[in-house]
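Data from work-v7.txt: compact mmCIF, C-alpha atoms
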# COMPACT_ATOMS: atom_id res chain seq x y z
CA MET G 1233 0.00 0.00 0.00
CA ASN G 1234 2.76 2.43 0.95
CA LYS G 1235 4.61 1.62 -2.26
CA HIS G 1236 1.48 2.45 -4.28
CA LEU G 1237 1.06 5.76 -2.42
CA ILE G 1238 4.72 6.68 -2.99
CA ALA G 1239 4.43 5.83 -6.70
CA LEU G 1240 1.24 7.91 -7.02
CA ALA G 1241 2.88 10.85 -5.24
CA ALA G 1242 5.89 10.64 -7.52
CA LEU G 1243 3.68 10.52 -10.61
CA THR G 1244 1.73 13.58 -9.41
CA LEU G 1245 4.95 15.46 -8.76
CA VAL G 1246 6.32 14.67 -12.23
CA SER G 1247 3.02 15.69 -13.85
CA GLY G 1248 3.07 18.97 -11.93
CA MET G 1249 6.64 19.66 -13.02
CA ALA G 1250 5.74 18.99 -16.66
CA ALA G 1251 2.78 21.37 -16.44
CA ALA G 1252 4.97 24.04 -14.87
CA GLN G 1253 7.40 23.75 -17.78
CA SER G 1254 4.71 24.51 -20.38
CA SER G 1255 2.68 27.67 -20.88
CA VAL G 1256 -0.06 28.90 -23.20
CA THR G 1257 -1.14 32.54 -23.46
CA ILE G 1258 -4.23 34.07 -25.07
CA TYR G 1259 -3.43 37.59 -26.28
CA GLY G 1260 -4.58 40.32 -28.61
CA ASN G 1261 -5.55 43.92 -29.32
CA ILE G 1262 -8.73 45.75 -30.12
CA ASP G 1263 -8.17 49.15 -31.71
CA ILE G 1264 -11.09 51.20 -33.00
CA GLY G 1265 -12.02 54.86 -33.48
CA LEU G 1266 -13.50 57.48 -35.80
CA LEU G 1267 -11.67 58.57 -38.96
CA THR G 1268 -12.69 61.73 -40.84
CA GLN G 1269 -11.29 62.40 -44.32
CA ASN G 1270 -12.10 65.67 -46.07
CA LYS G 1271 -11.54 64.43 -49.65
CA VAL G 1272 -12.38 61.05 -51.13
CA ALA G 1273 -12.64 59.56 -54.62
CA GLY G 1274 -15.85 60.73 -56.28
CA GLY G 1275 -15.94 63.95 -54.28
CA GLY G 1276 -17.06 64.99 -50.83
CA SER G 1277 -15.82 63.77 -47.47
CA LYS G 1278 -16.52 60.83 -45.20
CA THR G 1279 -16.38 59.72 -41.58
CA THR G 1280 -16.00 56.04 -40.79
CA MET G 1281 -15.76 53.76 -37.79
CA SER G 1282 -12.19 52.68 -38.41
CA GLY G 1283 -10.15 49.86 -36.91
CA GLY G 1284 -6.38 49.88 -36.61
CA GLY G 1285 -5.50 53.48 -35.85
CA ILE G 1286 -2.21 52.66 -34.12
CA ALA G 1287 -2.29 48.85 -33.82
CA PRO G 1288 -3.91 45.94 -35.65
CA SER G 1289 -6.93 44.31 -34.05
CA ILE G 1290 -5.68 40.77 -33.52
CA TRP G 1291 -6.16 37.72 -31.35
CA GLY G 1292 -4.06 34.67 -30.87
CA PHE G 1293 -2.54 31.86 -28.87
CA LYS G 1294 1.12 31.37 -28.13
CA GLY G 1295 2.97 28.97 -25.90
CA SER G 1296 6.27 27.37 -25.08
CA GLU G 1297 7.63 24.21 -23.49
CA ASP G 1298 10.96 23.84 -21.73
CA LEU G 1299 12.61 20.77 -23.26
CA GLY G 1300 15.64 20.91 -20.96
CA GLY G 1301 19.26 21.63 -21.72
CA GLY G 1302 18.43 25.22 -22.69
CA LEU G 1303 16.12 24.12 -25.52
CA LYS G 1304 12.51 25.33 -25.86
CA ALA G 1305 9.67 24.54 -28.23
CA SER G 1306 7.12 27.22 -29.08
CA PHE G 1307 4.06 27.86 -31.23
CA ASN G 1308 2.06 30.91 -32.33
CA LEU G 1309 -1.41 31.16 -33.89
CA GLU G 1310 -2.56 34.71 -34.73
CA GLY G 1311 -5.58 36.05 -36.61
CA HIS G 1312 -6.75 39.50 -37.73
CA TYR G 1313 -10.30 40.82 -37.35
CA ALA G 1314 -12.27 43.99 -38.11
CA PRO G 1315 -13.44 45.38 -34.73
CA ASP G 1316 -16.28 47.44 -36.26
CA THR G 1317 -18.03 44.33 -37.68
CA GLY G 1318 -16.35 41.38 -35.97
CA ALA G 1319 -15.47 39.83 -39.34
CA MET G 1320 -12.19 37.99 -39.82
CA VAL G 1321 -9.70 39.68 -42.14
CA GLY G 1322 -8.39 36.97 -44.44
CA PRO G 1323 -7.79 33.37 -43.35
CA PHE G 1324 -8.44 32.39 -39.73
CA PHE G 1325 -4.78 32.55 -38.71
CA ARG G 1326 -3.64 34.87 -41.49
CA ARG G 1327 -0.82 36.49 -39.53
CA GLN G 1328 0.87 33.54 -37.84
CA SER G 1329 0.61 29.76 -37.64
CA ASN G 1330 4.02 28.41 -36.80
CA VAL G 1331 6.12 26.22 -34.53
CA GLY G 1332 9.70 26.78 -33.46
CA LEU G 1333 12.69 25.52 -31.52
CA SER G 1334 14.96 27.95 -29.69
CA SER G 1335 18.19 27.91 -27.73
CA ALA G 1336 19.73 30.79 -25.83
CA ASN G 1337 23.06 30.10 -27.52
CA LEU G 1338 22.05 28.77 -30.93
CA GLY G 1339 19.09 31.02 -31.76
CA THR G 1340 15.56 30.26 -33.00
CA LEU G 1341 14.32 28.18 -35.91
CA THR G 1342 10.68 28.77 -36.92
CA LEU G 1343 8.53 26.89 -39.44
CA GLY G 1344 5.22 27.99 -40.95
CA ASN G 1345 3.33 31.23 -41.58
CA GLN G 1346 5.19 34.09 -39.87
CA TYR G 1347 6.35 37.70 -39.87
CA GLY G 1348 9.24 38.28 -42.26
CA PRO G 1349 12.52 39.22 -40.52
CA ALA G 1350 13.01 42.11 -42.98
CA VAL G 1351 9.86 43.96 -41.91
CA LEU G 1352 10.70 43.36 -38.24
CA ALA G 1353 14.08 45.04 -38.76
CA PHE G 1354 12.43 47.89 -40.68
CA ALA G 1355 10.10 48.51 -37.72
CA ALA G 1356 13.07 49.38 -35.48
CA THR G 1357 13.75 52.65 -37.32
CA ASP G 1358 10.48 53.54 -39.04
CA PRO G 1359 9.62 57.08 -37.79
CA ARG G 1360 6.25 55.86 -36.47
CA GLY G 1361 7.25 52.34 -35.50
CA LEU G 1362 5.01 50.84 -38.21
CA ARG G 1363 1.78 52.13 -36.63
CA GLU G 1364 -1.22 50.50 -38.28
CA ASN G 1365 -2.04 53.70 -40.19
CA PHE G 1366 -0.01 56.72 -41.33
CA SER G 1367 3.36 54.94 -41.23
CA GLY G 1368 6.00 53.21 -43.31
CA LEU G 1369 3.95 50.02 -43.02
CA TYR G 1370 2.12 51.08 -46.19
CA SER G 1371 5.30 52.07 -48.04
CA TRP G 1372 6.49 48.53 -47.31
CA ALA G 1373 3.24 46.77 -48.16
CA TYR G 1374 2.42 48.64 -51.38
CA ASN G 1375 5.94 48.20 -52.78
CA SER G 1376 6.30 44.52 -51.85
CA GLY G 1377 4.53 43.18 -54.94
CA ALA G 1378 1.11 43.32 -53.28
CA LEU G 1379 -0.27 45.54 -56.08
CA THR G 1380 1.13 43.35 -58.88
CA ALA G 1381 -1.20 41.07 -60.82
CA GLY G 1382 -0.33 37.42 -60.33
CA ASN G 1383 1.45 38.23 -57.08
CA ASN G 1384 3.43 35.55 -55.27
CA THR G 1385 0.97 33.83 -52.92
CA ASN G 1386 3.64 33.19 -50.27
CA ASN G 1387 3.98 36.97 -49.88
CA ASP G 1388 1.11 38.51 -47.89
CA VAL G 1389 1.59 42.31 -48.32
CA GLY G 1390 5.30 41.80 -47.74
CA VAL G 1391 4.72 41.35 -44.01
CA PHE G 1392 3.68 37.72 -43.56
CA LEU G 1393 5.52 34.85 -45.23
CA LYS G 1394 3.74 31.57 -45.84
CA ASN G 1395 5.43 28.17 -46.16
CA ALA G 1396 8.48 29.74 -44.56
CA VAL G 1397 11.48 28.65 -42.53
CA SER G 1398 13.37 31.33 -40.60
CA TYR G 1399 16.38 31.64 -38.32
CA SER G 1400 17.00 34.46 -35.84
CA ASN G 1401 19.57 35.16 -33.15
CA THR G 1402 21.24 37.97 -31.23
CA PHE G 1403 24.95 38.47 -30.82
CA GLY G 1404 25.36 41.10 -28.14
CA PRO G 1405 23.78 44.29 -29.55
CA ILE G 1406 23.35 42.79 -33.03
CA GLY G 1407 20.18 41.00 -34.09
CA VAL G 1408 19.98 38.94 -37.28
CA GLY G 1409 17.11 37.22 -39.05
CA ALA G 1410 16.75 35.32 -42.32
CA ALA G 1411 13.78 33.54 -43.89
CA TYR G 1412 12.95 31.56 -47.01
CA SER G 1413 9.45 30.79 -48.30
CA ALA G 1414 9.41 27.54 -50.22
CA SER G 1415 8.27 28.09 -53.79
CA GLU G 1416 6.25 24.87 -54.08
CA LYS G 1417 6.35 25.91 -57.75
CA VAL G 1418 2.87 27.49 -57.87
CA ASN G 1419 3.42 29.93 -54.98
CA GLY G 1420 6.80 31.49 -55.72
CA SER G 1421 9.70 31.89 -53.32
CA VAL G 1422 10.51 34.79 -50.97
CA TYR G 1423 13.88 35.67 -49.42
CA SER G 1424 13.89 37.97 -46.40
CA LEU G 1425 16.82 39.34 -44.37
CA GLY G 1426 16.88 41.70 -41.39
CA LEU G 1427 19.71 43.19 -39.34
CA THR G 1428 19.56 45.49 -36.30
CA TYR G 1429 22.05 47.09 -33.95
CA THR G 1430 20.91 48.35 -30.55
CA GLY G 1431 23.45 50.52 -28.74
CA PRO G 1432 23.94 54.25 -28.24
CA VAL G 1433 22.14 54.46 -31.58
CA VAL G 1434 19.69 52.04 -33.18
CA LEU G 1435 20.52 50.95 -36.73
CA SER G 1436 18.57 48.72 -39.09
CA ALA G 1437 18.90 47.21 -42.54
CA ALA G 1438 16.32 45.09 -44.35
CA TYR G 1439 16.22 43.29 -47.70
CA GLN G 1440 13.45 41.20 -49.25
CA THR G 1441 12.88 39.78 -52.73
CA THR G 1442 9.87 37.99 -54.16
CA ASN G 1443 9.87 35.69 -57.18
CA ALA G 1444 6.98 35.19 -59.56
CA PRO G 1445 5.11 31.87 -59.30
CA ASN G 1446 6.42 29.04 -61.49
CA THR G 1447 9.74 30.81 -62.05
CA SER G 1448 12.92 31.86 -60.31
CA LYS G 1449 12.64 35.40 -61.70
CA MET G 1450 12.34 38.30 -59.27
CA ILE G 1451 9.08 40.29 -59.42
CA SER G 1452 9.64 42.68 -56.50
CA LYS G 1453 12.52 43.87 -54.33
CA LEU G 1454 12.61 45.96 -51.16
CA TYR G 1455 15.43 47.31 -49.06
CA THR G 1456 15.62 49.83 -46.22
CA LEU G 1457 18.27 51.54 -44.12
CA GLY G 1458 17.53 53.46 -40.93
CA ALA G 1459 18.80 54.93 -37.70
CA GLY G 1460 17.40 56.17 -34.39
CA TYR G 1461 18.78 58.05 -31.42
CA THR G 1462 17.31 58.84 -27.99
CA MET G 1463 18.21 61.95 -26.01
CA GLY G 1464 16.38 61.91 -22.68
CA ASP G 1465 12.66 62.18 -23.45
CA VAL G 1466 13.16 62.72 -27.19
CA THR G 1467 13.77 60.03 -29.83
CA VAL G 1468 14.61 60.83 -33.46
CA LYS G 1469 14.30 58.24 -36.25
CA ALA G 1470 15.09 58.36 -39.96
CA ASN G 1471 14.59 55.68 -42.60
CA TYR G 1472 15.04 55.25 -46.33
CA LEU G 1473 13.03 52.65 -48.27
CA HIS G 1474 13.44 51.62 -51.90
CA GLY G 1475 11.01 49.33 -53.70
CA LEU G 1476 11.18 47.91 -57.23
CA ASN G 1477 8.24 46.14 -58.87
CA LYS G 1478 7.79 44.33 -62.18
CA ASP G 1479 4.72 43.12 -64.05
CA THR G 1480 4.11 39.51 -65.08
CA SER G 1481 6.22 40.11 -68.20
CA PHE G 1482 9.09 41.19 -65.89
CA VAL G 1483 9.02 44.78 -67.13
CA GLU G 1484 9.72 47.36 -64.41
CA THR G 1485 6.51 49.17 -63.46
CA SER G 1486 7.65 51.19 -60.44
CA LYS G 1487 10.84 52.24 -58.71
CA VAL G 1488 9.76 53.98 -55.52
CA SER G 1489 11.86 55.73 -52.89
CA VAL G 1490 10.39 56.86 -49.56
CA PHE G 1491 12.25 58.91 -46.96
CA GLY G 1492 10.81 59.22 -43.46
CA LEU G 1493 11.84 61.38 -40.52
CA GLY G 1494 10.17 61.48 -37.11
CA LEU G 1495 10.45 62.71 -33.55
CA ASP G 1496 8.87 61.20 -30.41
CA TRP G 1497 8.62 63.42 -27.34
CA LYS G 1498 7.66 61.76 -24.07
CA THR G 1499 5.91 64.70 -22.40
CA ALA G 1500 4.97 62.56 -19.38
CA SER G 1501 5.47 58.99 -18.24
CA ASN G 1502 2.17 58.05 -19.87
CA ASN G 1503 2.01 60.47 -22.82
CA THR G 1504 3.94 60.65 -26.11
CA VAL G 1505 3.67 63.27 -28.86
CA THR G 1506 4.97 62.36 -32.31
CA ALA G 1507 5.67 64.41 -35.43
CA ALA G 1508 6.71 62.67 -38.65
CA ILE G 1509 7.05 63.40 -42.34
CA TYR G 1510 7.26 60.96 -45.25
CA SER G 1511 8.15 61.83 -48.83
CA GLY G 1512 7.61 59.21 -51.51
CA LYS G 1513 8.24 59.36 -55.26
CA ASP G 1514 8.39 56.94 -58.18
CA LYS G 1515 11.38 57.36 -60.49
CA LEU G 1516 9.51 55.68 -63.35
CA ASN G 1517 6.39 57.83 -62.91
CA THR G 1518 7.45 61.40 -62.20
CA THR G 1519 3.91 62.57 -61.32
CA ASP G 1520 3.54 59.85 -58.68
CA LYS G 1521 4.68 61.74 -55.59
CA THR G 1522 3.17 62.14 -52.12
CA THR G 1523 4.36 64.06 -49.07
CA THR G 1524 2.61 63.32 -45.77
CA LEU G 1525 2.90 65.14 -42.45
CA ILE G 1526 1.56 63.35 -39.33
CA LEU G 1527 1.01 64.73 -35.82
CA THR G 1528 -0.15 62.36 -33.07
CA ASP G 1529 -0.66 62.06 -29.33
CA GLU G 1530 -0.91 58.78 -27.42
CA TYR G 1531 -2.07 58.82 -23.81
CA SER G 1532 -1.83 55.63 -21.75
CA LEU G 1533 -4.64 55.20 -19.24
CA SER G 1534 -2.90 52.00 -18.10
CA LYS G 1535 -0.34 49.50 -19.37
CA ARG G 1536 -3.03 47.99 -21.59
CA THR G 1537 -5.29 50.90 -22.62
CA THR G 1538 -4.29 53.87 -24.79
CA LEU G 1539 -6.27 56.85 -26.07
CA TYR G 1540 -4.93 58.42 -29.25
CA GLY G 1541 -5.47 61.27 -31.67
CA GLN G 1542 -3.88 61.52 -35.13
CA LEU G 1543 -3.86 64.30 -37.72
CA ALA G 1544 -2.40 63.74 -41.20
CA PHE G 1545 -1.95 66.05 -44.18
CA ALA G 1546 -1.22 64.21 -47.44
CA ASN G 1547 -0.19 66.27 -50.47
CA ALA G 1548 -0.55 64.02 -53.52
CA LYS G 1549 0.54 65.02 -57.02
CA VAL G 1550 -1.56 64.45 -60.11
CA GLY G 1551 -0.28 60.91 -60.74
CA ALA G 1552 -0.04 59.83 -57.11
CA THR G 1553 -0.76 56.20 -56.25
CA ALA G 1554 -0.81 54.17 -53.04
CA ARG G 1555 2.83 53.21 -53.68
CA THR G 1556 4.07 56.66 -52.57
CA SER G 1557 1.55 57.03 -49.73
CA VAL G 1558 1.65 56.10 -46.03
CA VAL G 1559 -2.16 56.21 -45.75
CA ALA G 1560 -4.17 52.98 -45.95
CA GLY G 1561 -5.58 52.90 -49.48
CA GLY G 1562 -3.77 56.10 -50.51
CA THR G 1563 -5.42 59.48 -51.00
CA VAL G 1564 -7.01 61.45 -53.86
CA PRO G 1565 -4.45 62.49 -56.53
CA ASP G 1566 -3.79 66.16 -57.26
CA ALA G 1567 -5.05 67.27 -53.85
CA THR G 1568 -4.10 67.84 -50.24
CA THR G 1569 -6.16 65.57 -48.03
CA THR G 1570 -6.66 66.05 -44.28
CA LEU G 1571 -7.37 62.99 -42.13
CA PHE G 1572 -8.28 63.09 -38.44
CA ASN G 1573 -8.49 59.95 -36.34
CA VAL G 1574 -9.34 59.49 -32.64
CA GLY G 1575 -9.66 56.12 -30.97
CA VAL G 1576 -8.79 53.71 -28.21
CA LYS G 1577 -6.57 50.64 -28.18
CA HIS G 1578 -6.86 47.94 -25.54
CA SER G 1579 -4.48 44.99 -25.26
CA PHE G 1580 -5.29 41.71 -23.52
Translate this structure into structure tokens?
Amino acid sequence: MNKHLIALAALTLVSGMAAAQSSVTIYGNIDIGLLTQNKVAGGGSKTTMSGGGIAPSIWGFKGSEDLGGGLKASFNLEGHYAPDTGAMVGPFFRRQSNVGLSSANLGTLTLGNQYGPAVLAFAATDPRGLRENFSGLYSWAYNSGALTAGNNTNNDVGVFLKNAVSYSNTFGPIGVGAAYSASEKVNGSVYSLGLTYTGPVVLSAAYQTTNAPNTSKMISKLYTLGAGYTMGDVTVKANYLHGLNKDTSFVETSKVSVFGLGLDWKTASNNTVTAAIYSGKDKLNTTDKTTTLILTDEYSLSKRTTLYGQLAFANAKVGATARTSVVAGGTVPDATTTLFNVGVKHSF
């Protein structure tokens, strides 16, 4: 009897230790507000209930297991939804569905649908930190091949890479990441590289190419270089992005350059004011040029809840397209458009 009790106690202890070594977290954001735009296609103005003012509305599961010897297994499932209607945006786990193995010394290997390491490096020095609207996120997305007919299906707006394997690691202040999306012939391959340096200054470099389906020929290419520096309560960031796109006949259709400069001023422990300017132009289409000035304030009610206000002025030339814009969907050509957005973001 005592032997059975001892065996049962030991089994319970081992089970408890195993449970303690594993963890699963439910997480997400809901970001929604009102967006007023004084000029829209077809004339007039409009006010909409708009999601994603400063962050995407997402939900997901992530977890890890300690395998011993410094090795961990992890997974991440992440979806995107429209908070104004509750509808899913794209596939159920459009943003992430991956599994990985990591070691403190050897780095992390991740398999599946995931963020590209190039866009993660770009985020480090984008003047607005890739906010969900009015930021370099749209320069990246619209010049990644997303607007090209017959686009590579492994490349989801240049941000998410399907059928991908990636490796990432840090070496002191240097972070490196590389990913490859398997072509599987019909999808097309993607190569993505990101490099960051975090020291007295923050530096970043990113490079990503996308091949057309059923071929090894490149259909889009992106690269960025950026820097940031913090002086007390003020942080300054500057970034240069270049994007090249080709059509399905591999003829160059756009060669866009976007320069961004921004300043964050922490006016209080829970309040940040930001001013940023982006200037985008297409070398192949001289009338495709947009300059956008953004002024924002973000006030944290708590660690998880933020109120925000954003004001953007976008001056678009007569041939302006979304490729030179940092506004979701672009703005009306040959006009200066004013956009005002107020909202709340809550993280869970």
**OP:** Using all atoms listed in the file, pick whichever of G:Ala1508, G:Leu1473, G:Val1408, G:Val1488 has the shortest atom-to-atom distance to G:Asp1520.
**Re:** G:Val1488
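The two atoms in question, atom CA of G:Asn1573 and atom CA of G:Phe1354, are spaced 24.5 Å apart.
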Each residue of stretch 1298-1338 of chain G with at least one atom at most 9 Å from stretch 1393-1397 of chain G should appear once, together with its nearest atom pair and the corresponding distance in Å (one decimal); atoms considered: all atoms listed in the file; ordering: chain, then increasing residue number; output as CSV.
residue,atom,partner,partner_atom,distance
G:Arg1327,CA,G:Leu1393,CA,8.7
G:Gln1328,CA,G:Lys1394,CA,8.7
G:Ser1329,CA,G:Lys1394,CA,9.0
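When all atoms listed in the file are used to measure the gap to G:Leu1341, the shortest distance among G:Asn1365, G:Thr1523, G:Asn1401, G:Thr1380 belongs to G:Asn1401.
In this comparison, which uses all atoms listed in the file, the residue of G:Asn1387, G:Asn1443, G:Thr1524, G:Ser1534 approaching G:Val1559 most closely is G:Thr1524.
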Original post:
Expressed in Å to a single decimal, how great is the separation between atom CA of G:Phe1572 and atom CA of G:Gly1284?
Top reply: 13.5 Å
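For the residues G:Gly1339, G:Gly1274, G:Gly1420, G:Val1574, ranking by smallest atom-to-atom distance to G:Phe1403 using only C-alpha atoms places G:Gly1339 first.
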Subject >> Contacts of G:Asp1316 at 8 Å (all atoms listed in the file; same-chain gap of 2+ positions) as a list in words >> reply: Ile1264, Met1281, Ser1282, Gly1283, Ala1314 and Gly1318 of chain G
All heavy atoms are what I want for stretch 1558-1568 of chain G; can you complete it accordingly and write them as an mmCIF file, keeping the file's coordinate frame?
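Output (part_27.cif):
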data_model
loop_
_atom_site.group_PDB
_atom_site.id
_atom_site.type_symbol
_atom_site.label_atom_id
_atom_site.label_comp_id
_atom_site.auth_asym_id
_atom_site.auth_seq_id
_atom_site.Cartn_x
_atom_site.Cartn_y
_atom_site.Cartn_z
ATOM 1 N N VAL G 1558 1.576 56.829 -47.300
ATOM 2 C CA VAL G 1558 1.650 56.100 -46.030
ATOM 3 C C VAL G 1558 0.262 56.033 -45.387
ATOM 4 O O VAL G 1558 0.121 55.759 -44.194
ATOM 5 C CB VAL G 1558 2.666 56.733 -45.064
ATOM 6 C CG1 VAL G 1558 4.078 56.603 -45.603
ATOM 7 C CG2 VAL G 1558 2.325 58.192 -44.759
ATOM 8 N N VAL G 1559 -0.767 56.279 -46.194
ATOM 9 C CA VAL G 1559 -2.160 56.210 -45.750
ATOM 10 C C VAL G 1559 -2.779 54.938 -46.304
ATOM 11 O O VAL G 1559 -2.596 54.622 -47.483
ATOM 12 C CB VAL G 1559 -2.959 57.441 -46.217
ATOM 13 C CG1 VAL G 1559 -4.424 57.325 -45.808
ATOM 14 C CG2 VAL G 1559 -2.341 58.715 -45.664
ATOM 15 N N ALA G 1560 -3.511 54.204 -45.490
ATOM 16 C CA ALA G 1560 -4.170 52.980 -45.950
ATOM 17 C C ALA G 1560 -5.067 53.304 -47.146
ATOM 18 O O ALA G 1560 -5.968 54.124 -47.059
ATOM 19 C CB ALA G 1560 -5.003 52.377 -44.821
ATOM 20 N N GLY G 1561 -4.796 52.671 -48.278
ATOM 21 C CA GLY G 1561 -5.580 52.900 -49.480
ATOM 22 C C GLY G 1561 -5.145 54.098 -50.298
ATOM 23 O O GLY G 1561 -5.658 54.324 -51.393
ATOM 24 N N GLY G 1562 -4.203 54.902 -49.796
ATOM 25 C CA GLY G 1562 -3.770 56.100 -50.510
ATOM 26 C C GLY G 1562 -4.791 57.220 -50.377
ATOM 27 O O GLY G 1562 -5.806 57.099 -49.687
ATOM 28 N N THR G 1563 -4.521 58.334 -51.035
ATOM 29 C CA THR G 1563 -5.420 59.480 -51.000
ATOM 30 C C THR G 1563 -5.705 59.961 -52.417
ATOM 31 O O THR G 1563 -5.123 59.463 -53.380
ATOM 32 C CB THR G 1563 -4.832 60.645 -50.175
ATOM 33 O OG1 THR G 1563 -3.561 61.020 -50.723
ATOM 34 C CG2 THR G 1563 -4.658 60.242 -48.718
ATOM 35 N N VAL G 1564 -6.606 60.938 -52.546
ATOM 36 C CA VAL G 1564 -7.010 61.450 -53.860
ATOM 37 C C VAL G 1564 -5.836 62.151 -54.544
ATOM 38 O O VAL G 1564 -5.185 63.001 -53.935
ATOM 39 C CB VAL G 1564 -8.188 62.435 -53.697
ATOM 40 C CG1 VAL G 1564 -8.602 63.003 -55.053
ATOM 41 C CG2 VAL G 1564 -9.371 61.745 -53.039
ATOM 42 N N PRO G 1565 -5.545 61.813 -55.818
ATOM 43 C CA PRO G 1565 -4.450 62.490 -56.530
ATOM 44 C C PRO G 1565 -4.758 63.970 -56.757
ATOM 45 O O PRO G 1565 -5.918 64.395 -56.762
ATOM 46 C CB PRO G 1565 -4.403 61.740 -57.878
ATOM 47 C CG PRO G 1565 -5.120 60.452 -57.647
ATOM 48 C CD PRO G 1565 -6.159 60.743 -56.616
ATOM 49 N N ASP G 1566 -3.702 64.743 -56.943
ATOM 50 C CA ASP G 1566 -3.790 66.160 -57.260
ATOM 51 C C ASP G 1566 -4.588 66.934 -56.201
ATOM 52 O O ASP G 1566 -5.431 67.777 -56.523
ATOM 53 C CB ASP G 1566 -4.432 66.351 -58.640
ATOM 54 C CG ASP G 1566 -4.139 67.724 -59.236
ATOM 55 O OD1 ASP G 1566 -3.147 68.355 -58.821
ATOM 56 O OD2 ASP G 1566 -4.921 68.173 -60.095
ATOM 57 N N ALA G 1567 -4.321 66.616 -54.936
ATOM 58 C CA ALA G 1567 -5.050 67.270 -53.850
ATOM 59 C C ALA G 1567 -4.287 67.109 -52.543
ATOM 60 O O ALA G 1567 -3.438 66.222 -52.412
ATOM 61 C CB ALA G 1567 -6.444 66.662 -53.698
ATOM 62 N N THR G 1568 -4.599 67.995 -51.601
ATOM 63 C CA THR G 1568 -4.100 67.840 -50.240
ATOM 64 C C THR G 1568 -5.257 67.359 -49.376
ATOM 65 O O THR G 1568 -6.283 68.035 -49.265
ATOM 66 C CB THR G 1568 -3.537 69.156 -49.680
ATOM 67 O OG1 THR G 1568 -2.412 69.559 -50.468
ATOM 68 C CG2 THR G 1568 -3.091 68.983 -48.240
#
